[in-house]
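Data file: run-v6.txt. Format and content: compact mmCIF, C-alpha atoms and all ligand atoms.
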# COMPACT_ATOMS: atom_id res chain seq x y z
CA MET A 1 134.62 147.35 56.24
CA ASP A 2 131.68 149.70 56.16
CA THR A 3 130.87 150.40 59.81
CA VAL A 4 127.09 150.26 59.34
CA LEU A 5 127.42 146.83 57.71
CA ALA A 6 129.77 145.67 60.46
CA LYS A 7 127.31 146.79 63.13
CA GLU A 8 124.41 145.09 61.36
CA LYS A 9 126.41 141.82 61.03
CA LYS A 10 127.44 141.95 64.67
CA ILE A 11 123.86 142.37 65.83
CA LEU A 12 122.61 139.62 63.51
CA TYR A 13 125.06 136.91 64.57
CA ALA A 14 126.09 137.97 68.08
CA PRO A 15 124.55 135.76 70.76
CA GLU A 16 123.30 137.23 74.01
CA ILE A 17 125.09 135.61 76.92
CA SER A 18 122.25 134.26 79.03
CA GLU A 19 121.99 132.44 82.35
CA ILE A 20 120.74 128.92 82.92
CA ILE A 21 118.50 129.17 86.00
CA GLU A 22 117.41 125.51 86.10
CA ALA A 23 118.69 122.33 84.45
CA LYS A 24 117.34 118.79 84.85
CA PHE A 25 117.31 115.51 82.96
CA LEU A 26 113.89 114.48 81.67
CA THR A 27 115.15 111.16 80.25
CA ALA A 28 118.55 109.57 79.68
CA THR A 29 119.02 111.62 76.50
CA GLU A 30 116.94 114.79 76.96
CA LYS A 31 117.80 117.65 79.30
CA PHE A 32 115.53 120.56 80.18
CA PHE A 33 116.86 124.10 80.67
CA LYS A 34 115.20 127.22 82.06
CA ILE A 35 117.05 130.28 80.74
CA LYS A 36 117.08 133.97 81.64
CA LEU A 37 118.10 136.56 79.04
CA PRO A 38 120.21 139.52 80.25
CA GLY A 39 118.13 141.68 82.59
CA GLY A 40 115.34 139.09 82.63
CA ARG A 41 114.03 140.47 79.32
CA ASP A 42 111.21 138.42 77.73
CA LEU A 43 112.18 136.39 74.65
CA LYS A 44 108.88 137.44 72.99
CA HIS A 45 108.58 134.31 70.89
CA ILE A 46 105.61 132.66 69.24
CA PRO A 47 104.95 128.93 69.89
CA GLY A 48 106.84 126.95 67.21
CA GLN A 49 109.74 129.41 66.89
CA PHE A 50 113.35 128.44 67.68
CA VAL A 51 116.49 130.07 69.06
CA GLN A 52 120.11 129.55 68.02
CA VAL A 53 121.91 128.17 71.07
CA SER A 54 125.69 128.46 71.24
CA LEU A 55 128.67 127.52 73.35
CA PHE A 56 131.79 129.56 72.72
CA GLY A 57 134.44 127.48 70.90
CA VAL A 58 132.08 124.54 70.36
CA GLY A 59 129.26 125.58 68.04
CA GLU A 60 125.68 126.67 67.57
CA ALA A 61 122.40 124.79 66.95
CA PRO A 62 118.74 125.63 66.37
CA ILE A 63 116.56 124.56 69.31
CA SER A 64 112.79 125.03 69.62
CA VAL A 65 111.44 127.02 72.54
CA CYS A 66 109.31 124.64 74.61
CA SER A 67 107.75 127.17 77.01
CA SER A 68 104.76 129.38 76.32
CA PRO A 69 105.28 133.12 75.80
CA THR A 70 102.77 133.58 78.61
CA GLN A 71 105.64 132.70 81.00
CA LYS A 72 107.52 135.90 81.78
CA GLY A 73 111.17 136.52 82.66
CA PHE A 74 112.53 133.21 81.36
CA PHE A 75 112.04 130.65 78.62
CA GLU A 76 112.63 126.90 78.37
CA LEU A 77 114.45 124.48 76.04
CA THR A 78 114.64 120.69 75.90
CA ILE A 79 117.78 119.37 74.27
CA ARG A 80 118.51 115.83 73.06
CA LYS A 81 122.13 114.71 73.19
CA VAL A 82 123.09 113.68 69.64
CA GLY A 83 126.53 115.16 68.90
CA MET A 84 129.37 117.32 70.07
CA LEU A 85 127.51 120.54 70.87
CA THR A 86 124.50 118.95 72.51
CA GLU A 87 126.83 116.73 74.56
CA LYS A 88 128.63 119.81 75.90
CA ILE A 89 125.32 121.58 76.58
CA HIS A 90 124.22 118.56 78.63
CA GLU A 91 127.16 119.21 80.98
CA LEU A 92 125.76 122.65 81.89
CA GLU A 93 123.96 123.29 85.17
CA ALA A 94 122.08 126.15 86.85
CA GLY A 95 124.34 129.21 87.07
CA ASP A 96 126.22 128.42 83.83
CA LYS A 97 126.07 130.74 80.82
CA ILE A 98 124.88 129.98 77.29
CA GLY A 99 124.63 132.02 74.06
CA ILE A 100 121.18 132.75 72.63
CA ARG A 101 120.15 134.37 69.31
CA GLY A 102 116.56 134.76 68.25
CA PRO A 103 113.70 133.95 68.40
CA TYR A 104 113.64 133.02 64.71
CA GLY A 105 111.31 131.60 62.11
CA ARG A 106 107.58 131.38 61.66
CA GLY A 107 105.67 129.74 64.50
CA PHE A 108 102.05 128.65 64.82
CA ASP A 109 99.58 131.44 64.05
CA VAL A 110 97.87 131.31 67.45
CA ASN A 111 95.67 134.32 66.63
CA ALA A 112 94.29 132.72 63.46
CA PHE A 113 93.59 129.52 65.45
CA LYS A 114 91.29 131.33 67.92
CA GLY A 115 87.83 129.80 68.19
CA LYS A 116 89.02 126.55 66.56
CA ASP A 117 89.42 123.06 67.97
CA ILE A 118 93.12 122.20 68.10
CA LEU A 119 94.41 118.69 67.39
CA ILE A 120 98.02 118.31 68.51
CA ILE A 121 99.98 115.36 67.07
CA GLY A 122 103.46 115.00 68.56
CA GLY A 123 105.89 112.15 67.96
CA GLY A 124 109.08 111.73 70.04
CA ILE A 125 110.96 114.96 70.51
CA GLY A 126 108.30 116.66 68.34
CA ILE A 127 106.37 117.28 71.56
CA VAL A 128 109.01 119.93 72.44
CA PRO A 129 107.73 122.83 70.26
CA LEU A 130 104.16 121.57 70.71
CA ARG A 131 104.48 121.97 74.50
CA SER A 132 104.84 125.70 73.87
CA LEU A 133 101.61 125.72 71.85
CA ILE A 134 99.76 123.48 74.34
CA ASN A 135 100.72 125.66 77.32
CA TYR A 136 99.81 128.81 75.39
CA ILE A 137 96.34 127.37 74.71
CA ILE A 138 95.97 126.26 78.35
CA ASP A 139 96.85 129.80 79.49
CA ASN A 140 94.30 131.27 77.04
CA ARG A 141 91.82 128.41 77.34
CA ASN A 142 88.67 130.42 76.61
CA ASP A 143 90.01 131.54 73.21
CA TYR A 144 90.08 128.00 71.80
CA GLY A 145 87.67 125.09 71.37
CA ARG A 146 88.59 121.47 72.11
CA LEU A 147 92.23 120.72 72.86
CA ILE A 148 93.03 117.19 71.71
CA ILE A 149 96.58 115.95 72.30
CA LEU A 150 98.00 112.82 70.66
CA TYR A 151 101.49 111.97 71.88
CA GLY A 152 103.59 109.00 70.84
CA ALA A 153 107.00 107.83 72.04
CA LYS A 154 109.09 104.75 71.33
CA SER A 155 108.89 103.52 74.94
CA PRO A 156 107.47 104.75 78.30
CA SER A 157 110.99 105.78 79.43
CA GLU A 158 111.22 108.21 76.51
CA LEU A 159 108.09 110.20 77.41
CA LEU A 160 108.98 113.83 78.18
CA TYR A 161 107.37 116.24 80.70
CA ARG A 162 105.81 113.43 82.77
CA ASP A 163 104.35 115.73 85.47
CA GLU A 164 102.61 117.76 82.81
CA LEU A 165 101.34 114.66 80.99
CA LYS A 166 99.57 113.69 84.21
CA MET A 167 98.01 117.15 84.43
CA TRP A 168 96.89 116.98 80.76
CA GLU A 169 95.31 113.60 81.48
CA GLU A 170 93.45 114.86 84.56
CA ARG A 171 92.08 118.11 83.09
CA GLU A 172 88.52 117.89 81.84
CA ASP A 173 89.14 120.49 79.14
CA ILE A 174 91.92 118.43 77.50
CA GLU A 175 91.45 115.20 75.54
CA TYR A 176 94.81 113.49 75.98
CA HIS A 177 95.79 110.23 74.28
CA VAL A 178 99.25 108.71 74.57
CA THR A 179 100.79 105.64 72.98
CA VAL A 180 104.16 103.90 72.96
CA ASP A 181 105.65 101.68 70.26
CA ARG A 182 107.00 99.23 72.87
CA SER A 183 105.54 98.86 76.38
CA ASP A 184 107.30 97.83 79.58
CA GLU A 185 106.01 95.90 82.60
CA ASN A 186 104.48 99.03 84.22
CA TRP A 187 102.77 100.49 81.14
CA LYS A 188 98.98 100.19 81.14
CA GLY A 189 98.20 102.49 78.23
CA ASN A 190 98.01 102.18 74.44
CA VAL A 191 100.70 100.32 72.53
CA GLY A 192 101.15 101.08 68.84
CA VAL A 193 102.27 103.87 66.56
CA ILE A 194 100.68 107.32 66.88
CA THR A 195 98.52 106.88 63.78
CA THR A 196 96.48 104.23 65.65
CA LEU A 197 95.07 107.07 67.79
CA ILE A 198 93.61 108.94 64.81
CA PRO A 199 90.76 106.72 63.42
CA PRO A 200 88.62 106.73 66.64
CA LEU A 201 88.64 110.55 66.88
CA GLU A 202 85.36 112.34 66.27
CA LEU A 203 86.22 115.74 64.87
CA ASP A 204 84.41 118.82 63.63
CA LEU A 205 86.53 118.72 60.47
CA GLU A 206 86.00 122.26 59.18
CA ASN A 207 86.62 123.79 62.60
CA THR A 208 89.70 121.77 63.62
CA ILE A 209 93.36 122.74 63.15
CA ALA A 210 95.96 119.96 63.22
CA ALA A 211 99.46 120.86 64.46
CA ILE A 212 101.94 118.07 63.73
CA VAL A 213 105.57 117.74 64.80
CA GLY A 214 107.58 114.54 64.78
CA PRO A 215 110.27 112.54 63.02
CA PRO A 216 110.20 112.73 59.19
CA VAL A 217 108.74 109.22 58.80
CA MET A 218 105.75 110.13 61.00
CA TYR A 219 104.43 112.91 58.73
CA LYS A 220 103.69 110.59 55.81
CA PHE A 221 101.58 108.21 57.89
CA VAL A 222 99.83 110.89 59.95
CA LEU A 223 98.88 112.69 56.73
CA LEU A 224 97.47 109.44 55.30
CA ALA A 225 95.44 108.85 58.48
CA LEU A 226 94.08 112.42 58.42
CA LYS A 227 93.26 112.15 54.71
CA SER A 228 91.28 108.98 55.30
CA LYS A 229 89.15 111.00 57.77
CA ARG A 230 88.71 113.66 55.03
CA PHE A 231 90.52 116.16 57.26
CA PRO A 232 90.83 119.44 55.24
CA GLU A 233 94.43 119.90 54.00
CA LYS A 234 94.18 123.66 54.54
CA ASN A 235 93.76 123.05 58.28
CA ILE A 236 97.02 121.08 58.66
CA TYR A 237 100.17 122.76 60.02
CA MET A 238 103.53 121.04 60.46
CA SER A 239 107.02 121.97 61.59
CA LEU A 240 109.89 120.82 59.37
CA GLU A 241 113.40 120.23 60.63
CA ARG A 242 116.35 120.98 58.35
CA ARG A 243 120.08 121.41 58.91
CA MET A 244 120.63 125.11 59.64
CA LYS A 245 123.58 127.44 60.00
CA CYS A 246 122.64 131.13 60.13
CA GLY A 247 118.97 130.76 61.10
CA VAL A 248 118.14 134.05 59.42
CA GLY A 249 117.80 133.37 55.69
CA LYS A 250 121.38 134.19 54.64
CA CYS A 251 123.34 130.95 54.14
CA GLY A 252 120.92 128.70 52.21
CA HIS A 253 121.66 125.60 54.33
CA CYS A 254 118.00 125.01 55.12
CA GLN A 255 116.65 125.67 51.63
CA ILE A 256 113.94 123.47 50.05
CA ASN A 257 113.31 124.78 46.51
CA ASN A 258 112.31 128.41 47.01
CA LEU A 259 111.67 128.07 50.76
CA TYR A 260 114.07 128.84 53.58
CA VAL A 261 112.94 126.65 56.47
CA CYS A 262 114.57 129.01 58.99
CA GLN A 263 112.50 131.99 57.83
CA ASP A 264 109.49 130.72 55.88
CA GLY A 265 109.13 127.95 58.50
CA PRO A 266 109.82 125.88 60.47
CA VAL A 267 106.01 125.87 60.75
CA PHE A 268 104.28 125.50 57.38
CA ASN A 269 100.71 125.05 56.28
CA TYR A 270 100.54 121.67 54.53
CA LEU A 271 99.40 123.29 51.26
CA GLU A 272 102.69 125.25 51.13
CA VAL A 273 104.87 122.12 51.18
CA LYS A 274 102.56 119.45 49.77
CA GLY A 275 104.11 119.45 46.29
CA LEU A 276 107.73 119.64 47.47
CA GLU A 277 109.20 116.14 47.25
CA GLU A 278 112.09 116.99 49.56
CA ALA A 279 109.90 118.51 52.27
CA ILE A 280 107.98 115.52 53.65
C1 LIG B 301 114.10 124.40 63.75
C2 LIG B 301 114.80 123.34 64.54
C3 LIG B 301 114.42 123.11 65.85
C4 LIG B 301 115.08 122.14 66.62
N1 LIG B 301 114.67 121.96 67.90
C5 LIG B 301 115.31 121.08 68.68
C6 LIG B 301 114.94 120.92 70.05
O1 LIG B 301 114.04 121.58 70.57
N2 LIG B 301 115.64 120.02 70.78
C7 LIG B 301 116.65 119.26 70.25
O2 LIG B 301 117.25 118.46 70.96
N3 LIG B 301 117.01 119.38 68.95
C8 LIG B 301 116.38 120.27 68.16
N4 LIG B 301 116.77 120.43 66.85
C9 LIG B 301 117.88 119.59 66.32
C10 LIG B 301 119.21 120.17 66.79
O3 LIG B 301 119.43 121.42 66.16
C11 LIG B 301 120.37 119.21 66.44
O4 LIG B 301 120.19 118.02 67.15
C12 LIG B 301 121.72 119.83 66.81
O5 LIG B 301 122.07 120.79 65.84
C13 LIG B 301 122.82 118.77 66.86
O6 LIG B 301 124.05 119.41 67.13
P1 LIG B 301 125.32 118.58 67.61
O7 LIG B 301 126.54 119.38 67.29
O8 LIG B 301 125.17 118.14 69.01
O9 LIG B 301 125.27 117.30 66.72
P2 LIG B 301 125.92 117.06 65.29
O10 LIG B 301 127.28 116.54 65.53
O11 LIG B 301 125.75 118.24 64.41
O12 LIG B 301 124.96 115.90 64.76
C14 LIG B 301 124.78 114.67 65.43
C15 LIG B 301 123.77 113.84 64.66
O13 LIG B 301 122.50 114.50 64.56
C16 LIG B 301 122.15 114.70 63.19
N5 LIG B 301 121.54 116.03 63.06
C17 LIG B 301 122.06 117.22 63.45
N6 LIG B 301 121.21 118.21 63.17
C18 LIG B 301 120.12 117.68 62.61
C19 LIG B 301 118.91 118.18 62.10
N7 LIG B 301 118.60 119.47 62.11
N8 LIG B 301 118.03 117.30 61.57
C20 LIG B 301 118.29 115.99 61.54
N9 LIG B 301 119.42 115.45 62.03
C21 LIG B 301 120.33 116.28 62.53
C22 LIG B 301 123.44 114.59 62.43
O14 LIG B 301 123.24 114.14 61.09
C23 LIG B 301 124.20 113.57 63.24
O15 LIG B 301 123.78 112.26 62.92
C24 LIG B 301 116.13 121.37 66.05
C25 LIG B 301 116.51 121.59 64.72
C26 LIG B 301 115.85 122.55 63.98
C27 LIG B 301 116.26 122.77 62.56
S1 LIG B 302 119.83 128.46 58.02
FE1 LIG B 302 120.83 129.91 56.77
S2 LIG B 302 119.33 130.33 55.28
FE2 LIG B 302 118.28 129.06 56.68

Would you write out, as structure tokens, the structure that this file holds?
Amino acid sequence: MDTVLAKEKKILYAPEISEIIEAKFLTATEKFFKIKLPGGRDLKHIPGQFVQVSLFGVGEAPISVCSSPTQKGFFELTIRKVGMLTEKIHELEAGDKIGIRGPYGRGFDVNAFKGKDILIIGGGIGIVPLRSLINYIIDNRNDYGRLIILYGAKSPSELLYRDELKMWEEREDIEYHVTVDRSDENWKGNVGVITTLIPPLELDLENTIAAIVGPPVMYKFVLLALKSKRFPEKNIYMSLERRMKCGVGKCGHCQINNLYVCQDGPVFNYLEVKGLEEAI
């Protein structure tokens, strides 16, 4: 094989063996990991981007970075246990090693959002990439207008990042609204799907950016709720999740028509995917 090609391939697909410096369960099914790249090098990601996480002999999966790039020397992931790889990753603790490639994909254009009000709409595990965006905005608070966070989970026990939710609730420069589909005996907040939080919002429509991440079924109803407020379509951004293999635009696994979700996304402007039946 041509040596230049071999070198290029090696660099493209070779993970960097990185160290887990903290690991803790957030819920029964989600585990949080703080990870250090070799030499403590910064990941240099953009909120909304993902990394390919691998365990030797088990497999590899795309996982969104949930920390802000303003954090230096480490980055964070939150991983839901759904199958063989994620089950094995859940067994890892601080001091264990994990393979990392990336960051990959197109994230949220935080520079273009400067000066705008930001409306975050996160459903379930969709709050994971949005936490990166939220913390980036908090760390650059003067660059952005209102920060409105809508977060929905199936039940109170499934809410992630509970310490931070409390902080978001207490800060005067954040408008935080949370809801659960099903309450429990201790829950005193809203009950209902996330779209019930949208009608009461008073928004400066032209100056507000909506960033939406959630399960596929959520997009349809959130888009309907935003449309009924006459929210401009050009101001809506969403992250799409597709099965991926290479993560770098080579294998076609993540393709929707002419788009590769791993490279053209996962964050898209709504106008880019509006007409694609398969996308939403
Ligand atoms: C851009 C991107 C970002 C992601 N970010 C995160 C994250 O931050 N945290 C997290 O926990 N997960 C995230 N995921 C999903 C994660 O990649 C999958 O859960 C993981 O690949 C499952 O691997 P597994 O071997 O454990 O399970 P598998 O055995 O591969 O699958 C178990 C079950 O999950 C389903 N599944 C697997 N992958 C996907 C997928 N991409 N979309 C829908 N269903 C799937 C399978 O159909 C199956 O039912 C992300 C996916 C993408 C594409
Ligand atoms: S995952 Fe291979 S092309 Fe997108």

Counting all atoms listed in the file, which residues in chain A sit no more than 7 Å from ligand LIG 302 (chain B)? For each one, give the nearest pair of atoms and the distance in Å, sorted by chain then residue number, as a tab-separated table.
residue	atom	partner	partner_atom	distance
A:Met244	CA	B:LIG302	S1	3.8
A:Lys245	CA	B:LIG302	S1	4.4
A:Cys246	CA	B:LIG302	FE1	4.0
A:Gly247	CA	B:LIG302	S1	3.9
A:Val248	CA	B:LIG302	FE1	5.6
A:Gly249	CA	B:LIG302	S2	3.4
A:Lys250	CA	B:LIG302	S2	4.4
A:Cys251	CA	B:LIG302	FE1	3.8
A:Gly252	CA	B:LIG302	S2	3.8
A:His253	CA	B:LIG302	S1	5.0
A:Cys254	CA	B:LIG302	FE2	4.3
A:Gln255	CA	B:LIG302	FE2	6.3
A:Tyr260	CA	B:LIG302	FE2	5.2
A:Val261	CA	B:LIG302	FE2	5.9
A:Cys262	CA	B:LIG302	FE2	4.4
A:Gln263	CA	B:LIG302	FE2	6.6

Selection above as a file: C-alpha atoms, as an mmCIF file, keeping the file's coordinate frame:
data_model
loop_
_atom_site.group_PDB
_atom_site.id
_atom_site.type_symbol
_atom_site.label_atom_id
_atom_site.label_comp_id
_atom_site.auth_asym_id
_atom_site.auth_seq_id
_atom_site.Cartn_x
_atom_site.Cartn_y
_atom_site.Cartn_z
ATOM 1 C CA MET A 244 120.630 125.110 59.640
ATOM 2 C CA LYS A 245 123.580 127.440 60.000
ATOM 3 C CA CYS A 246 122.640 131.130 60.130
ATOM 4 C CA GLY A 247 118.970 130.760 61.100
ATOM 5 C CA VAL A 248 118.140 134.050 59.420
ATOM 6 C CA GLY A 249 117.800 133.370 55.690
ATOM 7 C CA LYS A 250 121.380 134.190 54.640
ATOM 8 C CA CYS A 251 123.340 130.950 54.140
ATOM 9 C CA GLY A 252 120.920 128.700 52.210
ATOM 10 C CA HIS A 253 121.660 125.600 54.330
ATOM 11 C CA CYS A 254 118.000 125.010 55.120
ATOM 12 C CA GLN A 255 116.650 125.670 51.630
ATOM 13 C CA TYR A 260 114.070 128.840 53.580
ATOM 14 C CA VAL A 261 112.940 126.650 56.470
ATOM 15 C CA CYS A 262 114.570 129.010 58.990
ATOM 16 C CA GLN A 263 112.500 131.990 57.830
#

Notebook entry, point to check: Can I get the residues close to ligand LIG 301 (chain B) as an MDAnalysis selection string, where close means within 6 Å and we count all atoms listed in the file?
Noted result: chainID A and resid 50 61:64 78:80 82:87 128 241:244 266

Checklist line | Nearest-residue call for Val193 of chain A, choices A:Ile149, A:Tyr176, A:Gly124, A:Arg141, using all atoms listed in the file | finding: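 Closest residue, counting all atoms listed in the file: A:Gly124.
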
Notebook entry, point to check: Mind pulling up the distance from atom CA of Ala211 of chain A to atom CA of Lys24 of chain A?
Noted result: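 Pair atom CA of Lys24 of chain A / atom CA of Ala211 of chain A returns 27.2 Å.
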
Checklist line | His90 of chain A environment, 10 Å, all atoms listed in the file, sequence neighbours closer than 6 positions dropped, as a list of chain:residue names | finding: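 Result of the neighbour search: A:Ala23, A:Lys24, A:Phe25, A:Thr29, A:Glu30, A:Lys31, A:Phe32, A:Phe33, A:Ile79, A:Arg80, A:Lys81.
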
Check: Using only C-alpha atoms, which residue out of A:Gly48, A:Glu158, A:Asp181, A:Tyr144 lies closest to Ala112 of chain A?
Finding: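 Closest residue, counting only C-alpha atoms: A:Tyr144.
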
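Using all atoms listed in the file, the residues found no farther than 8 Å from Ile35 of chain A, other than those of its own chain fewer than 4 positions away, are Ser18, Glu19, Ile20, Ile21, Glu22, Phe74, Phe75, Glu76 and Leu77 of chain A.
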
Next item on the list: Just give me the gap between atom CA of Leu205 of chain A and atom CA of Phe231 of chain A in Å, one decimal is fine.
Entry: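 Separating atom CA of Leu205 of chain A from atom CA of Phe231 of chain A is a distance of 5.7 Å.
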
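A straight line drawn from atom CA of Tyr161 of chain A to atom CA of Leu37 of chain A is 23.0 Å long.
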
Next item on the list: Give the answer as one residue: which of A:Ile198, A:Asn186, A:Pro15, A:Ile46 has the shortest atom-to-atom distance to Glu60 of chain A, using all atoms listed in the file?
Entry: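 Between A:Ile198, A:Asn186, A:Pro15, A:Ile46, the residue approaching Glu60 of chain A most closely is A:Pro15.
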
Next item on the list: Show which residues sit within 6 Å of Leu119 of chain A, as a list of chain:residue names. Count all atoms listed in the file, and ignore same-chain residues fewer than 2 positions away.
Entry: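 Those residues are A:Ile148, A:Ile209, A:Ala210.
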
Checklist line | Which residue of A:Ile125, A:Glu175, A:Phe108, A:Gly152 approaches Glu202 of chain A most closely, using only C-alpha atoms | finding: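 Checking each of A:Ile125, A:Glu175, A:Phe108, A:Gly152 against Glu202 of chain A, counting only C-alpha atoms, the winner is A:Glu175.
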
Next item on the list: Identify which of the residues A:Gly73, A:Glu233, A:Pro156, A:Phe113 lies closest to Val273 of chain A, counting only C-alpha atoms when measuring atom-to-atom distances.
Entry: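 So, comparing all the options, the nearest one is A:Glu233.
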
N, CA, C and O atoms are needed for segment 192-210 of chain A; please write them out as a PDB file, keeping the file's coordinate frame.
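Writing the result to out.pdb gives the following:
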ATOM      1  N   GLY A 192     101.317 100.989  70.305  1.00  0.00           N
ATOM      2  CA  GLY A 192     101.150 101.080  68.840  1.00  0.00           C
ATOM      3  C   GLY A 192     101.621 102.443  68.375  1.00  0.00           C
ATOM      4  O   GLY A 192     101.829 103.344  69.191  1.00  0.00           O
ATOM      5  N   VAL A 193     101.777 102.586  67.084  1.00  0.00           N
ATOM      6  CA  VAL A 193     102.270 103.870  66.560  1.00  0.00           C
ATOM      7  C   VAL A 193     101.183 104.947  66.689  1.00  0.00           C
ATOM      8  O   VAL A 193     100.002 104.632  66.867  1.00  0.00           O
ATOM      9  N   ILE A 194     101.595 106.189  66.590  1.00  0.00           N
ATOM     10  CA  ILE A 194     100.680 107.320  66.880  1.00  0.00           C
ATOM     11  C   ILE A 194      99.475 107.347  65.938  1.00  0.00           C
ATOM     12  O   ILE A 194      98.386 107.780  66.332  1.00  0.00           O
ATOM     13  N   THR A 195      99.637 106.845  64.737  1.00  0.00           N
ATOM     14  CA  THR A 195      98.520 106.880  63.780  1.00  0.00           C
ATOM     15  C   THR A 195      97.341 106.021  64.246  1.00  0.00           C
ATOM     16  O   THR A 195      96.219 106.259  63.813  1.00  0.00           O
ATOM     17  N   THR A 196      97.593 105.066  65.158  1.00  0.00           N
ATOM     18  CA  THR A 196      96.480 104.230  65.650  1.00  0.00           C
ATOM     19  C   THR A 196      95.518 105.045  66.511  1.00  0.00           C
ATOM     20  O   THR A 196      94.401 104.619  66.770  1.00  0.00           O
ATOM     21  N   LEU A 197      95.945 106.233  66.955  1.00  0.00           N
ATOM     22  CA  LEU A 197      95.070 107.070  67.790  1.00  0.00           C
ATOM     23  C   LEU A 197      94.121 107.929  66.950  1.00  0.00           C
ATOM     24  O   LEU A 197      93.178 108.521  67.479  1.00  0.00           O
ATOM     25  N   ILE A 198      94.381 107.997  65.642  1.00  0.00           N
ATOM     26  CA  ILE A 198      93.610 108.940  64.810  1.00  0.00           C
ATOM     27  C   ILE A 198      92.220 108.408  64.391  1.00  0.00           C
ATOM     28  O   ILE A 198      91.226 109.132  64.530  1.00  0.00           O
ATOM     29  N   PRO A 199      92.081 107.165  63.904  1.00  0.00           N
ATOM     30  CA  PRO A 199      90.760 106.720  63.420  1.00  0.00           C
ATOM     31  C   PRO A 199      89.613 106.873  64.415  1.00  0.00           C
ATOM     32  O   PRO A 199      88.519 107.301  64.017  1.00  0.00           O
ATOM     33  N   PRO A 200      89.790 106.598  65.736  1.00  0.00           N
ATOM     34  CA  PRO A 200      88.620 106.730  66.640  1.00  0.00           C
ATOM     35  C   PRO A 200      88.186 108.165  66.913  1.00  0.00           C
ATOM     36  O   PRO A 200      87.107 108.372  67.487  1.00  0.00           O
ATOM     37  N   LEU A 201      88.971 109.159  66.531  1.00  0.00           N
ATOM     38  CA  LEU A 201      88.640 110.550  66.880  1.00  0.00           C
ATOM     39  C   LEU A 201      87.385 111.024  66.166  1.00  0.00           C
ATOM     40  O   LEU A 201      87.242 110.800  64.962  1.00  0.00           O
ATOM     41  N   GLU A 202      86.515 111.689  66.912  1.00  0.00           N
ATOM     42  CA  GLU A 202      85.360 112.340  66.270  1.00  0.00           C
ATOM     43  C   GLU A 202      85.641 113.815  66.225  1.00  0.00           C
ATOM     44  O   GLU A 202      85.801 114.459  67.271  1.00  0.00           O
ATOM     45  N   LEU A 203      85.757 114.357  65.020  1.00  0.00           N
ATOM     46  CA  LEU A 203      86.220 115.740  64.870  1.00  0.00           C
ATOM     47  C   LEU A 203      85.220 116.569  64.098  1.00  0.00           C
ATOM     48  O   LEU A 203      84.547 116.061  63.190  1.00  0.00           O
ATOM     49  N   ASP A 204      85.153 117.855  64.435  1.00  0.00           N
ATOM     50  CA  ASP A 204      84.410 118.820  63.630  1.00  0.00           C
ATOM     51  C   ASP A 204      85.411 119.281  62.563  1.00  0.00           C
ATOM     52  O   ASP A 204      86.191 120.208  62.775  1.00  0.00           O
ATOM     53  N   LEU A 205      85.428 118.589  61.423  1.00  0.00           N
ATOM     54  CA  LEU A 205      86.530 118.720  60.470  1.00  0.00           C
ATOM     55  C   LEU A 205      86.815 120.159  60.036  1.00  0.00           C
ATOM     56  O   LEU A 205      87.957 120.589  59.995  1.00  0.00           O
ATOM     57  N   GLU A 206      85.786 120.900  59.691  1.00  0.00           N
ATOM     58  CA  GLU A 206      86.000 122.260  59.180  1.00  0.00           C
ATOM     59  C   GLU A 206      86.537 123.197  60.252  1.00  0.00           C
ATOM     60  O   GLU A 206      87.224 124.172  59.961  1.00  0.00           O
ATOM     61  N   ASN A 207      86.239 122.860  61.519  1.00  0.00           N
ATOM     62  CA  ASN A 207      86.620 123.790  62.600  1.00  0.00           C
ATOM     63  C   ASN A 207      87.832 123.301  63.395  1.00  0.00           C
ATOM     64  O   ASN A 207      88.102 123.799  64.467  1.00  0.00           O
ATOM     65  N   THR A 208      88.560 122.300  62.860  1.00  0.00           N
ATOM     66  CA  THR A 208      89.700 121.770  63.620  1.00  0.00           C
ATOM     67  C   THR A 208      91.011 122.062  62.888  1.00  0.00           C
ATOM     68  O   THR A 208      91.110 121.888  61.672  1.00  0.00           O
ATOM     69  N   ILE A 209      92.002 122.510  63.660  1.00  0.00           N
ATOM     70  CA  ILE A 209      93.360 122.740  63.150  1.00  0.00           C
ATOM     71  C   ILE A 209      94.230 121.604  63.667  1.00  0.00           C
ATOM     72  O   ILE A 209      94.196 121.291  64.864  1.00  0.00           O
ATOM     73  N   ALA A 210      95.013 120.983  62.774  1.00  0.00           N
ATOM     74  CA  ALA A 210      95.960 119.960  63.220  1.00  0.00           C
ATOM     75  C   ALA A 210      97.363 120.562  63.236  1.00  0.00           C
ATOM     76  O   ALA A 210      97.788 121.186  62.255  1.00  0.00           O
TER      77      ALA A 210
END
